[in-house]
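Next comes protein_10.tsv, a file with TSV, C-alpha atoms.
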chain	number	residue	atom	x	y	z
A	82	MET	CA	76.24	101.30	93.52
A	83	PHE	CA	78.81	99.11	95.28
A	84	LYS	CA	80.80	98.73	92.03
A	85	LYS	CA	80.90	102.51	91.56
A	86	PHE	CA	82.01	102.98	95.16
A	87	THR	CA	84.78	100.37	94.78
A	88	THR	CA	86.02	101.98	91.56
A	89	ALA	CA	86.06	105.41	93.18
A	90	LEU	CA	87.91	104.05	96.22
A	91	CYS	CA	90.58	102.40	94.03
A	92	LEU	CA	91.02	105.63	92.05
A	93	PHE	CA	91.35	107.67	95.25
A	94	THR	CA	93.94	105.22	96.64
A	95	ALA	CA	95.96	105.37	93.40
A	96	LEU	CA	95.93	109.18	93.41
A	97	LEU	CA	96.96	109.22	97.07
A	98	CYS	CA	99.96	106.97	96.34
A	99	MET	CA	100.95	109.09	93.34
A	100	GLY	CA	100.91	112.17	95.56
A	101	GLN	CA	103.43	110.58	97.91
A	102	ILE	CA	105.95	109.82	95.15
A	103	GLN	CA	107.83	112.99	94.25
A	104	LYS	CA	109.46	113.62	90.90
A	105	ALA	CA	113.25	113.92	91.11
A	106	PRO	CA	114.51	117.54	91.10
A	107	GLU	CA	117.59	118.55	89.11
A	108	LYS	CA	119.81	118.47	92.20
A	109	TYR	CA	119.51	116.44	95.37
A	110	ASN	CA	121.81	114.89	97.97
A	111	LYS	CA	119.50	112.41	99.63
A	112	ILE	CA	116.58	110.22	98.59
A	113	ILE	CA	114.13	108.95	101.20
A	114	TYR	CA	111.88	106.18	99.99
A	115	THR	CA	109.61	103.48	101.40
A	116	TYR	CA	108.56	100.05	100.14
A	117	LYS	CA	105.75	97.93	101.49
A	118	THR	CA	106.12	94.15	101.22
A	119	LYS	CA	103.50	91.41	101.53
A	120	PRO	CA	103.67	87.63	101.11
A	121	ASN	CA	101.92	86.25	98.03
A	122	TYR	CA	99.48	84.38	100.23
A	123	HIS	CA	95.72	84.72	99.95
A	124	PHE	CA	94.08	84.38	103.35
A	125	ASP	CA	90.46	83.58	104.04
A	126	SER	CA	88.58	82.25	107.06
A	127	SER	CA	89.51	78.62	106.29
A	128	GLY	CA	93.18	78.78	105.37
A	129	ILE	CA	95.96	79.93	103.07
A	130	TYR	CA	96.26	79.85	99.28
A	131	ALA	CA	99.54	80.27	97.41
A	132	ASP	CA	101.57	78.87	94.55
A	133	SER	CA	101.88	75.14	95.23
A	134	THR	CA	105.69	75.37	95.10
A	135	VAL	CA	105.65	77.94	97.90
A	136	ILE	CA	103.15	75.98	100.02
A	137	GLN	CA	105.17	72.80	99.61
A	138	ASN	CA	108.38	74.57	100.60
A	139	ASP	CA	106.89	76.39	103.59
A	140	PHE	CA	104.90	73.52	105.10
A	141	LEU	CA	107.09	70.51	104.38
A	142	LYS	CA	105.32	67.86	106.47
A	143	THR	CA	101.71	68.94	106.11
A	144	ASP	CA	99.44	67.77	103.31
A	145	PHE	CA	97.89	70.42	101.11
A	146	LYS	CA	95.28	70.50	98.37
A	147	ILE	CA	95.26	71.95	94.87
A	148	LEU	CA	92.25	74.24	94.47
A	149	GLN	CA	91.01	77.05	92.28
A	150	HIS	CA	92.23	80.44	93.49
A	151	PRO	CA	89.38	82.24	95.32
A	152	THR	CA	89.82	85.48	93.36
A	153	ASP	CA	91.29	84.24	90.06
A	154	SER	CA	89.45	81.38	88.36
A	155	THR	CA	92.29	80.94	85.85
A	156	LYS	CA	94.71	79.77	88.56
A	157	ARG	CA	94.96	76.53	90.49
A	158	VAL	CA	97.05	76.92	93.61
A	159	GLY	CA	98.03	75.16	96.80
A	160	PHE	CA	95.76	75.38	99.84
A	161	ILE	CA	96.40	74.51	103.47
A	162	SER	CA	93.72	74.87	106.13
A	163	TYR	CA	94.32	76.37	109.55
A	164	LYS	CA	92.82	73.24	111.12
A	165	SER	CA	95.47	71.01	109.54
A	166	MET	CA	98.38	73.09	110.84
A	167	ASN	CA	100.43	71.80	113.75
A	168	LYS	CA	102.62	73.85	116.11
A	169	ALA	CA	105.54	73.76	113.69
A	170	ASP	CA	103.33	75.04	110.85
A	171	LYS	CA	102.06	77.82	113.07
A	172	LEU	CA	105.65	78.87	113.76
A	173	VAL	CA	106.38	78.82	110.01
A	174	LEU	CA	103.40	81.08	109.38
A	175	LYS	CA	104.51	83.46	112.12
A	176	ASN	CA	108.00	83.63	110.59
A	177	LYS	CA	106.47	84.31	107.17
A	178	VAL	CA	104.49	87.17	108.66
A	179	LEU	CA	107.70	88.40	110.32
A	180	THR	CA	109.64	88.23	107.06
A	181	TYR	CA	107.18	89.58	104.54
A	182	PHE	CA	104.60	91.83	106.21
A	183	THR	CA	107.12	94.65	106.39
A	184	LYS	CA	107.65	98.28	105.54
A	185	THR	CA	111.18	99.37	104.65
A	186	ARG	CA	112.31	103.00	104.75
A	187	VAL	CA	115.66	103.84	103.15
A	188	GLU	CA	117.68	107.04	103.22
A	189	TYR	CA	120.16	106.97	100.33
A	190	TYR	CA	123.05	109.48	100.29
A	191	VAL	CA	124.01	109.90	96.65
A	192	LYS	CA	127.54	111.33	96.95
A	193	LEU	CA	128.53	109.02	99.80
A	194	LYS	CA	127.09	105.92	98.09
A	195	LYS	CA	125.60	104.71	101.32
A	196	ALA	CA	122.10	103.89	102.52
A	197	ILE	CA	120.53	103.77	105.97
A	198	MET	CA	117.70	101.26	106.18
A	199	TYR	CA	114.90	101.12	108.75
A	200	LYS	CA	112.53	98.15	108.65
A	201	THR	CA	109.12	97.97	110.31
A	202	VAL	CA	108.47	94.33	111.12
A	203	TYR	CA	104.95	92.90	111.54
A	204	ASP	CA	103.20	95.71	109.67
A	205	LEU	CA	100.01	95.30	111.72
A	206	ALA	CA	97.87	97.46	109.45
A	207	GLU	CA	98.40	94.96	106.63
A	208	ILE	CA	98.13	91.63	108.45
A	209	PRO	CA	94.63	90.15	107.99
A	210	THR	CA	92.57	89.85	111.17
A	211	VAL	CA	92.07	86.12	110.62
A	212	VAL	CA	95.85	85.61	110.70
A	213	LYS	CA	96.31	87.70	113.84
A	214	THR	CA	93.58	85.66	115.53
A	215	PHE	CA	95.06	82.34	114.40
A	216	LEU	CA	98.43	83.41	115.80
A	217	ASP	CA	96.70	84.30	119.10
A	218	ASN	CA	97.50	88.00	118.54
A	219	SER	CA	101.11	87.20	119.39
A	220	VAL	CA	102.61	89.51	116.74
A	221	THR	CA	103.68	93.00	117.77
A	222	GLU	CA	104.85	95.66	115.35
A	223	PHE	CA	108.34	97.03	115.89
A	224	VAL	CA	111.10	98.84	114.00
A	225	SER	CA	114.31	96.87	113.67
A	226	GLU	CA	117.75	98.30	114.37
A	227	PRO	CA	118.82	100.56	111.49
A	228	SER	CA	121.52	99.23	109.18
A	229	THR	CA	123.99	101.30	107.19
A	230	ILE	CA	124.89	99.90	103.78
A	231	TYR	CA	128.06	101.07	102.04
A	232	TYR	CA	128.36	100.32	98.32
A	233	LEU	CA	131.94	99.28	97.56
A	234	PRO	CA	133.85	98.53	94.34
A	235	ASN	CA	133.87	95.00	92.89
A	236	LYS	CA	130.14	94.48	93.50
A	237	GLU	CA	130.42	94.37	97.28
A	238	ILE	CA	128.47	96.00	100.06
A	239	ASN	CA	129.35	96.51	103.70
A	240	VAL	CA	126.35	96.19	106.05
A	241	VAL	CA	126.88	97.74	109.48
A	242	ASN	CA	124.49	97.71	112.44
A	243	SER	CA	124.62	97.30	116.20
A	244	ILE	CA	124.80	93.51	115.86
A	245	SER	CA	127.19	92.88	113.00
A	246	ASN	CA	129.59	94.31	110.45
A	247	LEU	CA	129.36	92.19	107.31
A	248	LYS	CA	130.92	92.51	103.89
A	249	GLU	CA	129.11	90.59	101.19
A	250	SER	CA	128.84	90.43	97.44
A	251	TYR	CA	125.72	91.40	95.57
A	252	ARG	CA	124.51	90.14	92.24
A	253	GLU	CA	123.64	92.37	89.33
A	254	HIS	CA	120.37	91.15	87.85
A	255	THR	CA	119.60	91.68	84.18
A	256	ILE	CA	116.05	92.65	83.27
A	257	ASN	CA	114.51	91.17	80.14
A	258	TRP	CA	112.13	93.92	79.03
A	259	LEU	CA	108.72	92.79	77.80
A	260	GLU	CA	107.50	93.87	74.38
A	261	ASN	CA	104.42	96.09	74.23
A	262	GLN	CA	104.51	96.60	78.00
A	263	ASN	CA	106.17	99.88	78.84
A	264	ASN	CA	108.57	99.80	81.76
A	265	THR	CA	107.87	96.17	82.70
A	266	GLY	CA	110.29	93.26	82.59
A	267	VAL	CA	111.34	89.99	84.18
A	268	PHE	CA	114.52	88.72	85.79
A	269	ASP	CA	115.74	85.32	86.98
A	270	TYR	CA	114.99	84.28	90.55
A	271	ASN	CA	116.32	81.14	92.22
A	272	PHE	CA	113.79	79.38	94.44
A	273	MET	CA	114.35	75.85	95.77
A	274	GLY	CA	117.12	75.31	93.23
A	275	LYS	CA	114.94	76.23	90.26
A	276	ILE	CA	114.93	79.42	88.20
A	277	TYR	CA	111.69	81.39	88.01
A	278	ASN	CA	110.80	84.69	86.39
A	279	CYS	CA	110.16	87.67	88.66
A	280	THR	CA	108.22	90.67	87.43
A	281	VAL	CA	109.68	94.14	87.86
A	282	GLU	CA	108.08	97.49	87.05
A	283	VAL	CA	110.01	100.75	86.77
A	284	ASP	CA	109.30	104.46	86.45
A	285	PRO	CA	111.58	106.58	84.21
A	286	LYS	CA	110.81	109.62	86.37
A	287	LEU	CA	112.43	108.03	89.43
A	288	SER	CA	116.10	107.83	90.39
A	289	LYS	CA	117.91	104.57	89.65
A	290	TYR	CA	119.00	104.46	93.30
A	291	ILE	CA	115.45	103.58	94.38
A	292	VAL	CA	115.43	99.79	94.73
A	293	PRO	CA	113.42	97.52	97.07
A	294	ALA	CA	116.44	95.60	98.36
A	295	THR	CA	119.71	97.39	99.02
A	296	SER	CA	121.64	94.29	97.92
A	297	THR	CA	119.82	94.01	94.58
A	298	ILE	CA	121.22	95.92	91.63
A	299	PHE	CA	119.84	95.85	88.08
A	300	ALA	CA	122.62	96.10	85.53
A	301	ASN	CA	120.53	97.38	82.62
A	302	CYS	CA	118.13	99.73	84.39
A	303	ASP	CA	118.57	103.47	84.93
A	304	TYR	CA	115.15	103.98	86.52
A	305	GLY	CA	113.61	103.59	89.95
A	306	ILE	CA	111.80	100.35	90.78
A	307	THR	CA	108.10	100.71	91.57
A	308	SER	CA	107.34	97.04	92.22
A	309	VAL	CA	108.89	93.58	92.31
A	310	LYS	CA	106.88	90.37	92.40
A	311	THR	CA	108.44	86.96	93.09
A	312	LEU	CA	106.81	83.63	93.89
A	313	GLU	CA	106.99	84.42	97.60
A	314	PHE	CA	106.32	88.13	97.97
A	315	THR	CA	105.48	91.45	96.35
A	316	SER	CA	107.21	94.75	97.17
A	317	LYS	CA	105.67	98.06	96.12
A	318	LEU	CA	107.05	101.59	96.31
A	319	ILE	CA	104.69	103.79	98.33
A	320	LYS	CA	106.63	106.98	99.06
A	321	VAL	CA	109.57	108.99	97.68
A	322	GLU	CA	111.02	112.36	98.63
A	323	TYR	CA	114.26	114.14	97.76
A	324	LYS	CA	116.42	116.48	99.85
Rewrite the coordinates I just gave you, this time as structure tokens.
Amino acid sequence: MFKKFTTALCLFTALLCMGQIQKAPEKYNKIIYTYKTKPNYHFDSSGIYADSTVIQNDFLKTDFKILQHPTDSTKRVGFISYKSMNKADKLVLKNKVLTYFTKTRVEYYVKLKKAIMYKTVYDLAEIPTVVKTFLDNSVTEFVSEPSTIYYLPNKEINVVNSISNLKESYREHTINWLENQNNTGVFDYNFMGKIYNCTVEVDPKLSKYIVPATSTIFANCDYGITSVKTLEFTSKLIKVEYK
């Protein structure tokens, strides 16, 4: 009975998400889309599990163990217990929650080649209760100041908000498409000076302007990005509308 209920719930959730992602019309001036991002941590009542490279990088001075992943017996990952964390580790965890439990809403103006980005920080609905409790319920959800991103020639963007006006270069990533896996590929990702493969999934029905990071451009992709998974985090597209 429980298995049937779980399957039905997953199917309902998938259909709900599909209903929030509109197909692109023939003509449109603006695309409004939202990505939800989470850290690739697994939390339980005793501590945190993640790729050992990530754990080692995040908690530099705290010992960790290598254990079997709680939900995937094929993986052995790093584990750090809440009890072993000091004040510095707790601050690291809070910053991780700040950085990766987010929801990003982007309004992209096609003709103007500009995007306005709104980021919800500390997406409280997604943060596990055990983490909120460990952090003494000190995290409060808020929406950051909107930023306007102008796409310029020569692979540059100009990011403007109330705090700064920065011009920076962006890198065009190349996706290596996987055989026998429709619309899925990998691209290089630099983490701690080493190159790792990130997984990217696309949808041919979506506009190529739909990307999870406004400074990330894929040179050989004409489709919208539905998900990106790196060692540290996963971003998934949850809503799209056109105007």
Legend entry - Among the residues A:Glu237, A:Glu322, A:Glu313, A:Asp284, the one that comes closest to Tyr270 in chain A [using all atoms listed in the file]: A:Glu313
Legend entry - Pairwise distance for CA of Cys279 in chain A and CA of Ile256 in chain A, rounded to one decimal in Å: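 Straight-line distance from CA of Cys279 in chain A to CA of Ile256 in chain A works out to 9.4 Å.
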Inset, instruction - Mind listing whatever residues come within 9 Å of the point (123.7, 110.4, 95.1)? Use only C-alpha atoms, file coordinates, and give them as an MDAnalysis selection string. - result: chainID A and resid 109:112 189:195 290
Inset, instruction - Go through A:Tyr116, A:Leu205, A:Met273, A:Phe223 and flag the residue nearest Gln137 in chain A, using all atoms listed in the file for the distances. - result: A:Met273
Legend entry - Minimum-distance residue to Thr118 in chain A, chosen among A:Tyr130, A:Tyr181, A:Phe160, A:Phe145 (using all atoms listed in the file): A:Tyr181
Inset, instruction - Within 10 Å of Met166 in chain A, counting all atoms listed in the file, which residues show up once you throw out same-chain ones fewer than 4 positions away? Write them as an MDAnalysis selection string, please. - result: chainID A and resid 128 140 142:144 161:162 170:174
Legend entry - Proximity to Thr221 in chain A - best of A:Ala131, A:Ala169, A:Leu179, A:Leu259, only C-alpha atoms: A:Leu179
Inset, instruction - Work out how far apart CA of Tyr114 in chain A and CA of Arg186 in chain A are and give it in Å to one decimal. - result: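 Answer for the CA of Tyr114 in chain A to CA of Arg186 in chain A separation: 5.7 Å.
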Legend entry - Option closest in space to Lys286 in chain A, from A:Lys156, A:His123, A:Lys320, A:Lys104 [counting only C-alpha atoms]: A:Lys104
Inset, instruction - Report the distance between CA of Ala294 in chain A and CA of Ser133 in chain A in Å, rounded to one decimal place. - result: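 Separating CA of Ala294 in chain A from CA of Ser133 in chain A is a distance of 25.3 Å.
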Inset, instruction - Give the answer as one residue: which of A:Ser225, A:Asn261, A:Asn138, A:Thr255 has the shortest atom-to-atom distance to Phe299 in chain A, using all atoms listed in the file? - result: A:Thr255
Inset, instruction - Write out as a PyMOL selection string the residues lying within 6 Å of Ile113 in chain A, counting only C-alpha atoms and excluding same-chain residues fewer than 5 positions away. - result: chain A and resi 187-188+321-322
Just to be explicit: take each residue in the selection above, keep C-alpha atoms, and write the result as a short mmCIF file (atom, residue, chain, number, x, y, z; two decimals), keeping the file's coordinate frame.
data_model
loop_
_atom_site.label_atom_id
_atom_site.label_comp_id
_atom_site.auth_asym_id
_atom_site.auth_seq_id
_atom_site.Cartn_x
_atom_site.Cartn_y
_atom_site.Cartn_z
CA VAL A 187 115.66 103.84 103.15
CA GLU A 188 117.68 107.04 103.22
CA VAL A 321 109.57 108.99 97.68
CA GLU A 322 111.02 112.36 98.63
#
Legend entry - Shell of 8 Å around Ile319 in chain A, all atoms listed in the file, local chain residues under 3 positions omitted, as a PyMOL selection string: chain A and resi 98+101-102+114-117
Legend entry - Long-range neighbours of Phe124 in chain A as JSON, numbers by chain, 9 Å cut-off, only C-alpha atoms, 6 positions minimum in chain: {"A": [130, 209, 211, 212]}
Legend entry - Spatial neighbours of Met198 in chain A, max dist 8 Å, only C-alpha atoms, sep filter under 2 positions, as an MDAnalysis selection string: chainID A and resid 185:188 196 200 227:230
